[in-house]
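Novice: Below is one structure. I have some questions about it.
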Amino acid sequence: MGFKKNHYLPSGGECFSSENSQKDGLYLLYIGSLENRNIMIFVKGFHRFYLELLSNPSSKPIHFTIVGSGSGGEQEEISAYIQKNQLPDVISMEGYVHIDLLHHYFKKSNIGVSFIPITDYYQDQPPTKTYEYLLLGLAVVAIATKENIKIINEKNGVLIQDTTEAVFSGLQVLAKKMESYQPEAIRKQMEDYL
């Protein structure tokens, strides 16, 4: 096409970093649009999970970072929920962040959140964010769409439904298995998608 500067996007997704993301704790990251994604469902399920952890004195640190924006007031709704429930130390609503600055967020995380509502139009859509998280070696909590079912397994994450209860249960499973997830092994599983 004659372009002098170009960048080829891999068939699965972009690999923003190859650093080992294994950390002592649960550091969740959602990156993407907030519009029509029902992220508030995930926020409420995460909040319930966090409250359960508070009752366990030996629980590990936990944090959920949300990077994204939308035109329907989702960002404001999530921010208001965080403030109302006194969660600013546990949930960060970052808003839109340019792609060149995402490396920082990936480096601080060990769990990717691939959350969309289960609808006909999302069922067969390739889950680009799921691929990106896996290429980074992150464990993934993902909605059980037809496409996510093909790539998420017991060695790289947990599949859930799009309900608050499913988020809560999925995070319980993920927390119990966290030490078994190996970033290098997760990246290796995804080599064909680079």
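In the structure tokens, chains take the letters A, B, ... in the order shown, each chain's residues start at 1, and ligands count up from 1 in the order shown.
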Where in region 12-126 of chain A does DSSP assign strand (DSSP E), given as a ChimeraX atom specification?
Specialist: /A:26-31,62-67,91-95,111-114
Novice: Among the residues of region 126-189 of chain A, find those DSSP assigns to helix (DSSP H, G or I) from the backbone and print them as a VMD selection string.
Specialist: chain A and resid 128 to 135 146 to 151 164 to 180 183 to 189
Novice: Store the residues picked out above in a file with N, CA and C atoms, as a short mmCIF file (atom, residue, chain, number, x, y, z; two decimals), in the first residue's frame.
Specialist:
```cif
data_model
loop_
_atom_site.label_atom_id
_atom_site.label_comp_id
_atom_site.auth_asym_id
_atom_site.auth_seq_id
_atom_site.Cartn_x
_atom_site.Cartn_y
_atom_site.Cartn_z
N THR A 128 -9.90 -10.50 21.39
CA THR A 128 -8.57 -9.91 21.28
C THR A 128 -7.93 -9.68 22.65
N LYS A 129 -8.68 -9.14 23.59
CA LYS A 129 -8.11 -8.87 24.93
C LYS A 129 -7.69 -10.16 25.61
N THR A 130 -8.47 -11.22 25.46
CA THR A 130 -8.08 -12.50 26.06
C THR A 130 -6.72 -12.93 25.53
N TYR A 131 -6.54 -12.85 24.22
CA TYR A 131 -5.25 -13.21 23.62
C TYR A 131 -4.13 -12.34 24.16
N GLU A 132 -4.37 -11.04 24.24
CA GLU A 132 -3.33 -10.13 24.73
C GLU A 132 -2.92 -10.46 26.15
N TYR A 133 -3.89 -10.70 27.02
CA TYR A 133 -3.57 -11.04 28.41
C TYR A 133 -2.75 -12.34 28.45
N LEU A 134 -3.17 -13.35 27.70
CA LEU A 134 -2.46 -14.63 27.70
C LEU A 134 -1.06 -14.51 27.13
N LEU A 135 -0.90 -13.71 26.08
CA LEU A 135 0.43 -13.50 25.49
C LEU A 135 1.38 -12.84 26.48
N LYS A 146 -18.22 -18.71 23.05
CA LYS A 146 -17.71 -19.83 22.23
C LYS A 146 -16.21 -19.67 21.97
N GLU A 147 -15.77 -18.47 21.69
CA GLU A 147 -14.36 -18.24 21.35
C GLU A 147 -13.46 -18.33 22.58
N ASN A 148 -13.89 -17.80 23.72
CA ASN A 148 -13.07 -17.90 24.94
C ASN A 148 -12.95 -19.35 25.40
N ILE A 149 -14.01 -20.13 25.22
CA ILE A 149 -13.98 -21.55 25.61
C ILE A 149 -12.88 -22.29 24.86
N LYS A 150 -12.57 -21.85 23.65
CA LYS A 150 -11.53 -22.51 22.85
C LYS A 150 -10.12 -22.29 23.40
N ILE A 151 -9.89 -21.20 24.14
CA ILE A 151 -8.52 -20.89 24.55
C ILE A 151 -8.29 -20.84 26.06
N THR A 164 -23.07 -11.26 38.57
CA THR A 164 -22.30 -10.91 39.77
C THR A 164 -21.90 -12.16 40.55
N GLU A 165 -22.82 -13.10 40.69
CA GLU A 165 -22.55 -14.35 41.41
C GLU A 165 -21.43 -15.14 40.72
N ALA A 166 -21.46 -15.20 39.39
CA ALA A 166 -20.44 -15.94 38.64
C ALA A 166 -19.07 -15.27 38.78
N VAL A 167 -19.04 -13.95 38.80
CA VAL A 167 -17.78 -13.23 39.01
C VAL A 167 -17.22 -13.59 40.38
N PHE A 168 -18.05 -13.52 41.40
CA PHE A 168 -17.65 -13.86 42.76
C PHE A 168 -17.10 -15.29 42.82
N SER A 169 -17.83 -16.25 42.29
CA SER A 169 -17.40 -17.66 42.32
C SER A 169 -16.14 -17.88 41.50
N GLY A 170 -16.06 -17.23 40.34
CA GLY A 170 -14.88 -17.37 39.49
C GLY A 170 -13.63 -16.82 40.16
N LEU A 171 -13.76 -15.71 40.86
CA LEU A 171 -12.62 -15.13 41.58
C LEU A 171 -12.19 -16.02 42.74
N GLN A 172 -13.14 -16.70 43.38
CA GLN A 172 -12.79 -17.66 44.42
C GLN A 172 -11.93 -18.79 43.86
N VAL A 173 -12.35 -19.33 42.72
CA VAL A 173 -11.60 -20.41 42.07
C VAL A 173 -10.23 -19.92 41.65
N LEU A 174 -10.20 -18.78 41.03
CA LEU A 174 -8.94 -18.21 40.54
C LEU A 174 -7.96 -17.98 41.69
N ALA A 175 -8.44 -17.45 42.81
CA ALA A 175 -7.57 -17.17 43.96
C ALA A 175 -6.96 -18.46 44.50
N LYS A 176 -7.74 -19.53 44.54
CA LYS A 176 -7.22 -20.81 45.04
C LYS A 176 -6.16 -21.39 44.13
N LYS A 177 -6.28 -21.13 42.83
CA LYS A 177 -5.36 -21.70 41.85
C LYS A 177 -4.21 -20.78 41.47
N MET A 178 -4.20 -19.57 42.00
CA MET A 178 -3.27 -18.54 41.53
C MET A 178 -1.82 -19.00 41.51
N GLU A 179 -1.39 -19.71 42.52
CA GLU A 179 0.01 -20.13 42.58
C GLU A 179 0.35 -21.18 41.53
N SER A 180 -0.65 -21.84 40.97
CA SER A 180 -0.38 -22.87 39.95
C SER A 180 -0.20 -22.26 38.56
N PRO A 183 3.40 -17.86 34.36
CA PRO A 183 3.40 -16.95 33.21
C PRO A 183 4.12 -17.49 31.98
N GLU A 184 5.28 -18.11 32.17
CA GLU A 184 6.03 -18.64 31.01
C GLU A 184 5.23 -19.72 30.30
N ALA A 185 4.60 -20.61 31.07
CA ALA A 185 3.81 -21.69 30.47
C ALA A 185 2.59 -21.12 29.75
N ILE A 186 1.97 -20.09 30.32
CA ILE A 186 0.82 -19.46 29.66
C ILE A 186 1.25 -18.83 28.35
N ARG A 187 2.37 -18.12 28.36
CA ARG A 187 2.88 -17.51 27.12
C ARG A 187 3.20 -18.57 26.08
N LYS A 188 3.80 -19.67 26.52
CA LYS A 188 4.20 -20.74 25.59
C LYS A 188 2.97 -21.35 24.91
N GLN A 189 1.88 -21.52 25.66
CA GLN A 189 0.64 -22.04 25.07
C GLN A 189 0.15 -21.16 23.93
#
```
Novice: May I ask which of the residues A:Ile160, A:Leu29, A:Met93, A:Leu102 is the closest one to Gly45 (chain A), counting only C-alpha atoms?
Specialist: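 Closest residue, counting only C-alpha atoms: A:Ile160.
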Novice: May I have the residues within 12 Å of Gly73 (chain A) as a PyMOL selection string, using only C-alpha atoms and disregarding those fewer than 6 positions away in the same chain?
Specialist: chain A and resi 33-36+38-40+79-80+95
Novice: What's the separation between CA of Pro117 (chain A) and CA of Ile41 (chain A), in Å to one decimal place?
Specialist: 9.5 Å
Novice: Using only C-alpha atoms, which protein or nucleic acid residues come within 8 Å of Leu138 (chain A)? Drop anything in the same chain fewer than 6 positions from it, and give the result as number ranges by chain.
Specialist: A: 21, 109-112, 156, 183, 186
